[in-house]
Amino acid sequence: MFTGIIEEIGTISAVRRNPLEAKLTISAEKIFSDLKIGDSVAVNGVCLTASEISGNTFTADVMNETFHRSSLSELKSGSHVNLERAMASDGRFGGHIVAGHVDGTGIITNIKKDDNAVWYTISADSSIMKYIIEKGSVAIDGISLTVAEVLKDSFSVSVIPHTAKETILSQKKLGDTVNLENDLVGKYVEKLLNFNHDEKPKSRITREFLANAGF
């Protein structure tokens, strides 16, 4: 589980890919203070597992499905990526609940300055847009951001200077692809509202939860 508060910008050292999977090797600094093999790291919002660690680099395996669902397939040696370790149980929850399970991608269609902030407009598929609400949360390349405006097939976020400086958003251009993760709450609410009352859950815990929730 992550919060969407980026710890540092890392650099892709190597990309090794075959038809079924890929391996990303990433260099960084801060995250190695306590990173261990088997730990989770969000790379541009995608939860990956550190399978090898050597000095200030770690390697992670990427499944083929993850490549198709995210923008990781566009990475190459020298690319910069947002990095965040999994949240410690005693840490501050500065962003929102981010699972690191990307729902899809979007395209940056507009970038404009607004005093000290920068507005980014992102077009996305209807499967993404149905969970986007004004003042709600969204993770863009793993960055926890607040939705400032919602249109039919796009939404905008306003980014403060600190966030732009500490993430790769400041390096993005028109037409670039970004990873998107919707807020988990909206998806769970939709699942419960569309629950089939004629189909009894197999789990006793699930049945009790739905009964207590009034379903």
# chains A, B, ... in the order shown; residues from 1 in each chain; ligands from 1
$ closest_atom_pairs --of "segment 88-157 of chain A" --to "segment 68-80 of chain A" --cutoff "8 Å" --atoms "only C-alpha atoms" --output "Markdown table"
| residue | atom | partner | partner_atom | distance |
| --- | --- | --- | --- | --- |
| A:Val102 | CA | A:Ser70 | CA | 6.6 |
| A:Asp103 | CA | A:Arg69 | CA | 7.2 |
| A:Gly104 | CA | A:Arg69 | CA | 5.4 |
| A:Thr105 | CA | A:Ser70 | CA | 6.0 |
$ write_last_selection --atoms "C-alpha atoms" --output "mmCIF file, in the first residue's frame"
data_model
loop_
_atom_site.group_PDB
_atom_site.id
_atom_site.type_symbol
_atom_site.label_atom_id
_atom_site.label_comp_id
_atom_site.auth_asym_id
_atom_site.auth_seq_id
_atom_site.Cartn_x
_atom_site.Cartn_y
_atom_site.Cartn_z
ATOM 1 C CA VAL A 102 -2.831 0.875 -12.408
ATOM 2 C CA ASP A 103 -6.319 1.016 -13.942
ATOM 3 C CA GLY A 104 -5.132 2.325 -17.297
ATOM 4 C CA THR A 105 -3.367 5.203 -18.983
#
$ residues_around --residues "Asn64 of chain A" --least-positions-apart "3" --cutoff "8 Å" --atoms "only C-alpha atoms" --output "list of chain:residue names"
A:Pro19, A:Leu20, A:Glu21, A:Ala22, A:Phe67, A:His68
$ closest_residue --among "A:Arg16, A:Asp39, A:Leu193, A:Pro161" --to "Ala88 of chain A" --atoms "only C-alpha atoms"
A:Asp39
$ atom_distance --atom1 "atom CA of Thr11 of chain A" --atom2 "atom CA of Val118 of chain A"
23.9 Å
$ atom_distance --atom1 "atom CA of Tyr131 of chain A" --atom2 "atom CA of Gly4 of chain A"
17.5 Å
$ closest_residue --among "A:Leu24, A:Val159, A:Leu145, A:Met129" --to "Asp115 of chain A" --atoms "only C-alpha atoms"
A:Val159
$ select_by_dssp --residues "segment 15-169 of chain A" --states "strand (DSSP E)" --output "ChimeraX atom specification"
/A:15-17,21-27,40-43,46-54,57-63,80-85,104-114,117-124,137-140,143-150,154-159
$ write_last_selection --atoms "C-alpha atoms" --output "PDB file, in the first residue's frame"
ATOM      1  CA  VAL A  15      15.429  -2.708 -19.673  1.00  0.00           C
ATOM      2  CA  ARG A  16      15.495  -6.398 -20.571  1.00  0.00           C
ATOM      3  CA  ARG A  17      12.420  -7.750 -22.278  1.00  0.00           C
ATOM      4  CA  GLU A  21       7.960 -10.489 -19.359  1.00  0.00           C
ATOM      5  CA  ALA A  22      10.538  -7.805 -18.686  1.00  0.00           C
ATOM      6  CA  LYS A  23      13.095  -6.786 -16.093  1.00  0.00           C
ATOM      7  CA  LEU A  24      13.684  -3.168 -15.111  1.00  0.00           C
ATOM      8  CA  THR A  25      16.868  -2.098 -13.354  1.00  0.00           C
ATOM      9  CA  ILE A  26      16.530   1.249 -11.614  1.00  0.00           C
ATOM     10  CA  SER A  27      19.108   3.432  -9.898  1.00  0.00           C
ATOM     11  CA  SER A  40       7.401  -3.344  -2.873  1.00  0.00           C
ATOM     12  CA  VAL A  41       8.282  -0.170  -4.762  1.00  0.00           C
ATOM     13  CA  ALA A  42       5.836   1.915  -6.789  1.00  0.00           C
ATOM     14  CA  VAL A  43       7.483   2.788 -10.110  1.00  0.00           C
ATOM     15  CA  VAL A  46       2.994   0.523 -10.611  1.00  0.00           C
ATOM     16  CA  CYS A  47       3.652  -1.741  -7.632  1.00  0.00           C
ATOM     17  CA  LEU A  48       6.762  -3.821  -8.384  1.00  0.00           C
ATOM     18  CA  THR A  49       8.822  -6.171  -6.235  1.00  0.00           C
ATOM     19  CA  ALA A  50      12.554  -5.685  -5.783  1.00  0.00           C
ATOM     20  CA  SER A  51      13.982  -9.058  -6.845  1.00  0.00           C
ATOM     21  CA  GLU A  52      17.656  -8.006  -6.913  1.00  0.00           C
ATOM     22  CA  ILE A  53      19.565  -5.238  -5.156  1.00  0.00           C
ATOM     23  CA  SER A  54      23.106  -4.198  -5.998  1.00  0.00           C
ATOM     24  CA  THR A  57      20.224  -0.164  -8.076  1.00  0.00           C
ATOM     25  CA  PHE A  58      17.378  -2.635  -7.815  1.00  0.00           C
ATOM     26  CA  THR A  59      15.804  -4.927 -10.389  1.00  0.00           C
ATOM     27  CA  ALA A  60      12.121  -5.757 -10.661  1.00  0.00           C
ATOM     28  CA  ASP A  61      10.204  -8.210 -12.838  1.00  0.00           C
ATOM     29  CA  VAL A  62       7.297  -6.854 -14.883  1.00  0.00           C
ATOM     30  CA  MET A  63       4.555  -9.149 -16.163  1.00  0.00           C
ATOM     31  CA  HIS A  80      13.239   9.016 -15.196  1.00  0.00           C
ATOM     32  CA  VAL A  81      10.608   7.429 -12.950  1.00  0.00           C
ATOM     33  CA  ASN A  82       8.738   8.313  -9.753  1.00  0.00           C
ATOM     34  CA  LEU A  83       9.622   6.045  -6.827  1.00  0.00           C
ATOM     35  CA  GLU A  84       7.834   5.359  -3.549  1.00  0.00           C
ATOM     36  CA  ARG A  85       8.410   2.579  -1.052  1.00  0.00           C
ATOM     37  CA  GLY A 104      -5.132   2.325 -17.297  1.00  0.00           C
ATOM     38  CA  THR A 105      -3.367   5.203 -18.983  1.00  0.00           C
ATOM     39  CA  GLY A 106      -4.206   8.729 -20.058  1.00  0.00           C
ATOM     40  CA  ILE A 107      -2.778  11.297 -22.466  1.00  0.00           C
ATOM     41  CA  ILE A 108      -1.692  14.801 -21.487  1.00  0.00           C
ATOM     42  CA  THR A 109      -3.683  17.128 -23.752  1.00  0.00           C
ATOM     43  CA  ASN A 110      -2.941  20.512 -22.182  1.00  0.00           C
ATOM     44  CA  ILE A 111      -0.377  22.125 -19.881  1.00  0.00           C
ATOM     45  CA  LYS A 112      -0.810  25.698 -18.689  1.00  0.00           C
ATOM     46  CA  LYS A 113       0.702  27.955 -16.045  1.00  0.00           C
ATOM     47  CA  ASP A 114      -1.570  29.428 -13.385  1.00  0.00           C
ATOM     48  CA  ALA A 117       0.929  26.328 -10.207  1.00  0.00           C
ATOM     49  CA  VAL A 118       0.689  24.278 -13.399  1.00  0.00           C
ATOM     50  CA  TRP A 119      -2.541  22.742 -14.700  1.00  0.00           C
ATOM     51  CA  TYR A 120      -2.352  19.397 -16.482  1.00  0.00           C
ATOM     52  CA  THR A 121      -5.347  18.190 -18.503  1.00  0.00           C
ATOM     53  CA  ILE A 122      -5.489  14.453 -19.157  1.00  0.00           C
ATOM     54  CA  SER A 123      -7.806  12.597 -21.505  1.00  0.00           C
ATOM     55  CA  ALA A 124      -8.826   9.101 -20.470  1.00  0.00           C
ATOM     56  CA  SER A 137      -8.295  11.817  -5.582  1.00  0.00           C
ATOM     57  CA  VAL A 138      -6.387  10.277  -8.473  1.00  0.00           C
ATOM     58  CA  ALA A 139      -2.876   8.871  -8.788  1.00  0.00           C
ATOM     59  CA  ILE A 140      -0.995  10.059 -11.884  1.00  0.00           C
ATOM     60  CA  ILE A 143       1.487  10.905  -7.576  1.00  0.00           C
ATOM     61  CA  SER A 144      -1.447  11.560  -5.267  1.00  0.00           C
ATOM     62  CA  LEU A 145      -3.320  14.532  -6.748  1.00  0.00           C
ATOM     63  CA  THR A 146      -6.671  16.274  -6.323  1.00  0.00           C
ATOM     64  CA  VAL A 147      -8.976  16.532  -9.333  1.00  0.00           C
ATOM     65  CA  ALA A 148      -9.626  20.224 -10.043  1.00  0.00           C
ATOM     66  CA  GLU A 149     -11.971  19.951 -13.032  1.00  0.00           C
ATOM     67  CA  VAL A 150     -13.880  17.201 -14.817  1.00  0.00           C
ATOM     68  CA  SER A 154     -10.828  14.496 -19.616  1.00  0.00           C
ATOM     69  CA  PHE A 155      -9.937  15.918 -16.234  1.00  0.00           C
ATOM     70  CA  SER A 156      -7.463  18.470 -14.888  1.00  0.00           C
ATOM     71  CA  VAL A 157      -5.218  18.696 -11.853  1.00  0.00           C
ATOM     72  CA  SER A 158      -3.388  21.722 -10.477  1.00  0.00           C
ATOM     73  CA  VAL A 159       0.184  20.975  -9.407  1.00  0.00           C
TER      74      VAL A 159
END
$ closest_residue --among "A:Glu29, A:Glu7, A:Glu65, A:Asp183" --to "Ile133 of chain A" --atoms "only C-alpha atoms"
A:Asp183
$ select_by_dssp --residues "segment 2-154 of chain A" --states "helix (DSSP H, G or I)" --output "VMD selection string"
chain A and resid 30 to 33 64 to 69 72 to 74 126 to 129
$ atom_distance --atom1 "atom CA of Asn182 of chain A" --atom2 "atom CA of Lys135 of chain A"
12.9 Å
$ closest_residue --among "A:Lys30, A:His101, A:Lys152, A:Lys172" --to "Asp125 of chain A" --atoms "only C-alpha atoms"
A:Lys152
